Amino acid sequence: MTVAETTVAADVCCLKDTPKDCGSDVPAHFTMTEDEIKAKFPNRLRSYDLFKKMGSPRHIVAPMVDQSELAWRILSKRYGATLCYTPMFHAKMFSDDNPKYRNEQWQTSEEDRPVIVQFCANDPEYLLKAAQLVVGQADAVDLNLGCPQHIARRGHYGSFLMEDWDLISKLIRNLHENLEIPVTAKIRVFPEVEKTVAYAKMVEAAGAQIITVHGRLREQKGHKTGLADWDKIKAVKEAVKVPVFANGNILYFEDIQRCIDATNVDGVMSAETNLYNPAIFSGKVLPTWQMAQEYLEICDEIVTKSSFIRAHLFKLFRYSLPIHTDLRQQLANAKSMDDMHQFVKDIKARLIEDSQKEDARKFDLENIEMDEFGYRKYPHWICQPALRFEHDKEHSKSKRLLNEAKVADQNDKASDLFLIKEENKEREREDEDDCNKKQKLSQE
Ligand SMILES: Cc1cc2nc3c(=O)[nH]c(=O)nc-3n(C[C@H](O)[C@H](O)[C@H](O)COP(=O)(O)O)c2cc1C
């Protein structure tokens, strides 16, 4: 047995069951037995009872910083999403006595349920304090163990806790023993399936009532995103008793069932594709302007930050803006709701014109052409997944292959707020980069 294998085996042995079954191997931070926890929170739902209470959701909108905000969650639910996660909130900032950050980030309404609020944290007490502030308004609280950004490395949260199982166990356990609503967790995978399974079992033993498995490694981010590994998700599903959601590789509606068939999971989560096609969970093929208009109508009712709205519109019109480049600047400058509506009105007129051109009329919804690699050839005004520009079609048997581009390093000073802002910028830069390359290509 290698050293790594020994470590995993020891971890599993120590954390595999309830304190009662574990005897002297129970971690010191497990201060209560499962029976005591049940007695303390007799009405708190567990595992499949929680899942059923939420309507047995199969179609799940992922947590997305600055992007799975209330207005977007409502739009997604109108088009087939059955459960949404909030963006990740920073537990320490969220629990601050000054409610500015909390009020800016956390909005909810009746239409929002079921909803799971996600936090990143590395301190069990701050996490508990933050989580207590959403009791009564959320179905569960999720711990982010997947964020791979440089910023998370410096802040020591997200996927950078993957080496610190003891801390992860403490973060989850403290909620399991002390919070009135259930705790869930979203994890990434390790290169080894055995270690991934041991990890998921540790998370379950600590008290997570649902586990989302994003089937990518921590290194698979930005231009290196590549494929998620459904085999590892399947292995986790087989190994744990709580519901499992699969995350990764969903480009088209049909991929949802494919994923369930391949992994046997209880639900399927989508992030990027949901942003480019908010109707992904409905199976409908819709024009981008229709989604944009409906989203703006929701934003008319629910105050939403203009930066969030702009980012959504850039994504929805990703394939049209490199063609109508003048409108790109208009969107970049848009600040008020009137500006946003005007932009959508202007681009809609152009896109309707485009859709009536001679060659565009050939587009047949019932008979969508595929390219040689199996990607559907939708016209630019139809909601469709964002295929990474640099994916390597040469070797592609499936979707979005890994490539070798480097993600820039960051060296700036750290503060909590700074970390979050930088993380968002990092994502925006990636998007912008993709968009510029696409535009260059269309000019060639
Ligand atoms: C814009 C954006 C923001 C994200 N923010 C979060 C987040 O707040 N918390 C989290 O756990 N994952 C976050 N992610 C990762 C997604 O939840 C998801 O795990 C990942 O994108 C893989 O799913 P996909 O293949 O469907 O895109 C984010 C992803 C994107 C694209």
# chains A, B, ... in the order shown; residues from 1 in each chain; ligands from 1
>>> closest_atom_pairs(of="chain A", to="ligand 1", cutoff="6 Å", atoms="only C-alpha atoms and all ligand atoms", output="JSON lines")
{"residue": "A:Ala62", "atom": "CA", "partner": "ligand 1", "partner_atom_place_in_ligand_line": "17 (O)", "distance": 4.5}
{"residue": "A:Pro63", "atom": "CA", "partner": "ligand 1", "partner_atom_place_in_ligand_line": "7 (C)", "distance": 4.5}
{"residue": "A:Met64", "atom": "CA", "partner": "ligand 1", "partner_atom_place_in_ligand_line": "5 (N)", "distance": 3.1}
{"residue": "A:Val65", "atom": "CA", "partner": "ligand 1", "partner_atom_place_in_ligand_line": "8 (O)", "distance": 3.9}
{"residue": "A:Gln67", "atom": "CA", "partner": "ligand 1", "partner_atom_place_in_ligand_line": "1 (C)", "distance": 6.0}
{"residue": "A:Pro87", "atom": "CA", "partner": "ligand 1", "partner_atom_place_in_ligand_line": "8 (O)", "distance": 4.3}
{"residue": "A:Met88", "atom": "CA", "partner": "ligand 1", "partner_atom_place_in_ligand_line": "8 (O)", "distance": 3.7}
{"residue": "A:Asn144", "atom": "CA", "partner": "ligand 1", "partner_atom_place_in_ligand_line": "11 (O)", "distance": 4.9}
{"residue": "A:Gly146", "atom": "CA", "partner": "ligand 1", "partner_atom_place_in_ligand_line": "11 (O)", "distance": 5.3}
{"residue": "A:Cys147", "atom": "CA", "partner": "ligand 1", "partner_atom_place_in_ligand_line": "12 (N)", "distance": 5.7}
{"residue": "A:His214", "atom": "CA", "partner": "ligand 1", "partner_atom_place_in_ligand_line": "19 (O)", "distance": 5.4}
{"residue": "A:Asn247", "atom": "CA", "partner": "ligand 1", "partner_atom_place_in_ligand_line": "23 (O)", "distance": 5.3}
{"residue": "A:Gly248", "atom": "CA", "partner": "ligand 1", "partner_atom_place_in_ligand_line": "25 (O)", "distance": 3.7}
{"residue": "A:Asn249", "atom": "CA", "partner": "ligand 1", "partner_atom_place_in_ligand_line": "25 (O)", "distance": 5.2}
{"residue": "A:Ile250", "atom": "CA", "partner": "ligand 1", "partner_atom_place_in_ligand_line": "26 (O)", "distance": 5.8}
{"residue": "A:Ser270", "atom": "CA", "partner": "ligand 1", "partner_atom_place_in_ligand_line": "26 (O)", "distance": 3.7}
{"residue": "A:Ala271", "atom": "CA", "partner": "ligand 1", "partner_atom_place_in_ligand_line": "26 (O)", "distance": 3.7}
{"residue": "A:Glu272", "atom": "CA", "partner": "ligand 1", "partner_atom_place_in_ligand_line": "27 (O)", "distance": 3.8}
{"residue": "A:Thr273", "atom": "CA", "partner": "ligand 1", "partner_atom_place_in_ligand_line": "26 (O)", "distance": 5.9}
>>> select_by_dssp(residues="stretch 161-388 of chain A", states="strand (DSSP E or B)", output="list of chain:residue names")
A:Val183, A:Thr184, A:Ala185, A:Lys186, A:Ile187, A:Arg188, A:Ile211, A:Thr212, A:Val213, A:His214, A:Val244, A:Phe245, A:Ala246, A:Asn247, A:Gly267, A:Val268, A:Met269, A:Ser270, A:Pro287, A:Met370, A:Arg376, A:Ile382
>>> atom_distance(atom1="atom CA of A:His341", atom2="atom CA of A:Asp112")
24.1 Å
>>> residues_around(residues="stretch 315-328 of chain A", least_positions_apart="3", cutoff="7 Å", atoms="only C-alpha atoms", output="list in words")
Leu275, Tyr276, Thr288, Ala311, His312, Leu331, Ala332, His380, Trp381, Cys383, Lys438 and Gln439 of chain A
>>> write_last_selection(atoms="C-alpha atoms", output="short mmCIF file (atom, residue, chain, number, x, y, z; two decimals), in the first residue's frame")
data_model
loop_
_atom_site.label_atom_id
_atom_site.label_comp_id
_atom_site.auth_asym_id
_atom_site.auth_seq_id
_atom_site.Cartn_x
_atom_site.Cartn_y
_atom_site.Cartn_z
CA LEU A 275 -26.18 31.03 -18.40
CA TYR A 276 -26.09 30.82 -22.19
CA THR A 288 -31.94 34.80 -27.26
CA ALA A 311 -22.95 40.00 -17.63
CA HIS A 312 -26.09 37.97 -18.37
CA LEU A 331 -24.13 47.06 -23.87
CA ALA A 332 -20.81 47.77 -22.19
CA HIS A 380 -26.38 32.85 -33.57
CA TRP A 381 -29.76 34.19 -32.37
CA CYS A 383 -29.89 30.13 -27.12
CA LYS A 438 -14.31 34.60 -31.75
CA GLN A 439 -14.63 38.09 -33.19
#
>>> residues_around(residues="A:Met269", least_positions_apart="3", cutoff="12 Å", atoms="only C-alpha atoms", output="MDAnalysis selection string")
chainID A and resid 57:64 81:85 186 211:215 244:251 253 255:257 259:260 265:266 272:274 280:281
>>> write_last_selection(atoms="N, CA and C atoms", output="short mmCIF file (atom, residue, chain, number, x, y, z; two decimals), in the first residue's frame")
data_model
loop_
_atom_site.label_atom_id
_atom_site.label_comp_id
_atom_site.auth_asym_id
_atom_site.auth_seq_id
_atom_site.Cartn_x
_atom_site.Cartn_y
_atom_site.Cartn_z
N PRO A 57 -36.04 17.34 -6.91
CA PRO A 57 -35.55 18.11 -8.06
C PRO A 57 -34.51 17.36 -8.90
N ARG A 58 -34.75 17.36 -10.19
CA ARG A 58 -33.79 16.73 -11.13
C ARG A 58 -33.00 17.77 -11.89
N HIS A 59 -33.57 19.00 -11.99
CA HIS A 59 -32.97 20.04 -12.83
C HIS A 59 -32.49 21.19 -11.94
N ILE A 60 -31.21 21.30 -11.80
CA ILE A 60 -30.68 22.19 -10.75
C ILE A 60 -29.77 23.27 -11.33
N VAL A 61 -30.08 24.52 -10.96
CA VAL A 61 -29.22 25.64 -11.36
C VAL A 61 -28.08 25.76 -10.34
N ALA A 62 -26.87 25.79 -10.85
CA ALA A 62 -25.67 25.77 -10.00
C ALA A 62 -25.48 27.09 -9.26
N PRO A 63 -24.74 27.03 -8.16
CA PRO A 63 -24.32 28.30 -7.55
C PRO A 63 -23.37 29.01 -8.50
N MET A 64 -23.60 30.29 -8.74
CA MET A 64 -22.73 31.05 -9.64
C MET A 64 -22.56 32.46 -9.11
N ALA A 81 -36.15 24.63 -14.40
CA ALA A 81 -35.28 24.36 -13.26
C ALA A 81 -36.16 24.06 -12.05
N THR A 82 -35.77 23.06 -11.25
CA THR A 82 -36.63 22.70 -10.12
C THR A 82 -35.97 22.99 -8.77
N LEU A 83 -34.71 23.33 -8.80
CA LEU A 83 -34.01 23.76 -7.58
C LEU A 83 -32.88 24.69 -8.01
N CYS A 84 -32.68 25.78 -7.26
CA CYS A 84 -31.57 26.68 -7.57
C CYS A 84 -30.69 26.89 -6.34
N TYR A 85 -29.41 27.08 -6.61
CA TYR A 85 -28.46 27.46 -5.57
C TYR A 85 -28.18 28.96 -5.73
N LYS A 186 -20.84 20.85 -1.94
CA LYS A 186 -20.52 20.69 -3.36
C LYS A 186 -19.02 20.48 -3.48
N ILE A 211 -25.01 15.65 -1.60
CA ILE A 211 -23.66 15.98 -2.10
C ILE A 211 -23.75 16.23 -3.60
N THR A 212 -23.25 17.40 -4.02
CA THR A 212 -23.11 17.66 -5.45
C THR A 212 -21.68 17.35 -5.84
N VAL A 213 -21.53 16.55 -6.89
CA VAL A 213 -20.17 16.24 -7.35
C VAL A 213 -19.93 16.90 -8.70
N HIS A 214 -19.07 17.89 -8.69
CA HIS A 214 -18.59 18.47 -9.95
C HIS A 214 -17.44 17.57 -10.39
N GLY A 215 -17.65 16.87 -11.51
CA GLY A 215 -16.73 15.81 -11.89
C GLY A 215 -15.43 16.27 -12.52
N VAL A 244 -27.32 12.42 -4.51
CA VAL A 244 -26.15 12.99 -5.18
C VAL A 244 -26.62 13.74 -6.43
N PHE A 245 -26.08 14.95 -6.62
CA PHE A 245 -26.32 15.70 -7.86
C PHE A 245 -25.04 15.66 -8.68
N ALA A 246 -25.20 15.47 -9.99
CA ALA A 246 -24.04 15.46 -10.89
C ALA A 246 -23.88 16.83 -11.52
N ASN A 247 -22.64 17.25 -11.69
CA ASN A 247 -22.37 18.54 -12.31
C ASN A 247 -21.22 18.41 -13.31
N GLY A 248 -21.51 18.88 -14.55
CA GLY A 248 -20.49 18.87 -15.59
C GLY A 248 -20.92 18.15 -16.84
N ASN A 249 -20.53 18.72 -18.00
CA ASN A 249 -20.79 18.13 -19.35
C ASN A 249 -22.23 18.25 -19.83
N ILE A 250 -23.00 19.18 -19.32
CA ILE A 250 -24.38 19.32 -19.82
C ILE A 250 -24.40 20.46 -20.85
N LEU A 251 -24.56 20.09 -22.10
CA LEU A 251 -24.64 21.10 -23.16
C LEU A 251 -26.04 21.19 -23.75
N PHE A 253 -30.28 19.53 -23.70
CA PHE A 253 -31.31 18.94 -22.86
C PHE A 253 -31.13 17.43 -22.73
N ASP A 255 -28.57 15.71 -22.72
CA ASP A 255 -27.43 15.32 -21.87
C ASP A 255 -27.88 15.04 -20.44
N ILE A 256 -29.00 15.63 -20.03
CA ILE A 256 -29.46 15.45 -18.65
C ILE A 256 -29.80 13.97 -18.41
N GLN A 257 -30.59 13.40 -19.29
CA GLN A 257 -30.95 11.99 -19.15
C GLN A 257 -29.73 11.09 -19.35
N CYS A 259 -26.77 11.78 -18.55
CA CYS A 259 -25.99 11.85 -17.31
C CYS A 259 -26.63 10.97 -16.23
N ILE A 260 -27.95 11.03 -16.13
CA ILE A 260 -28.64 10.21 -15.12
C ILE A 260 -28.43 8.73 -15.44
N VAL A 265 -27.49 9.31 -10.75
CA VAL A 265 -27.66 10.37 -9.75
C VAL A 265 -29.13 10.77 -9.61
N ASP A 266 -29.39 11.55 -8.56
CA ASP A 266 -30.75 11.98 -8.27
C ASP A 266 -31.12 13.26 -9.01
N GLU A 272 -22.64 26.81 -16.62
CA GLU A 272 -22.38 27.60 -17.82
C GLU A 272 -23.50 27.50 -18.85
N THR A 273 -23.95 26.29 -19.12
CA THR A 273 -24.97 26.16 -20.16
C THR A 273 -26.24 26.89 -19.75
N ASN A 274 -26.57 26.85 -18.47
CA ASN A 274 -27.75 27.58 -17.99
C ASN A 274 -27.59 29.09 -18.24
N ILE A 280 -32.44 25.61 -20.86
CA ILE A 280 -31.83 24.28 -21.01
C ILE A 280 -32.68 23.18 -20.37
N PHE A 281 -33.27 23.48 -19.21
CA PHE A 281 -34.00 22.43 -18.49
C PHE A 281 -35.40 22.19 -19.05
#
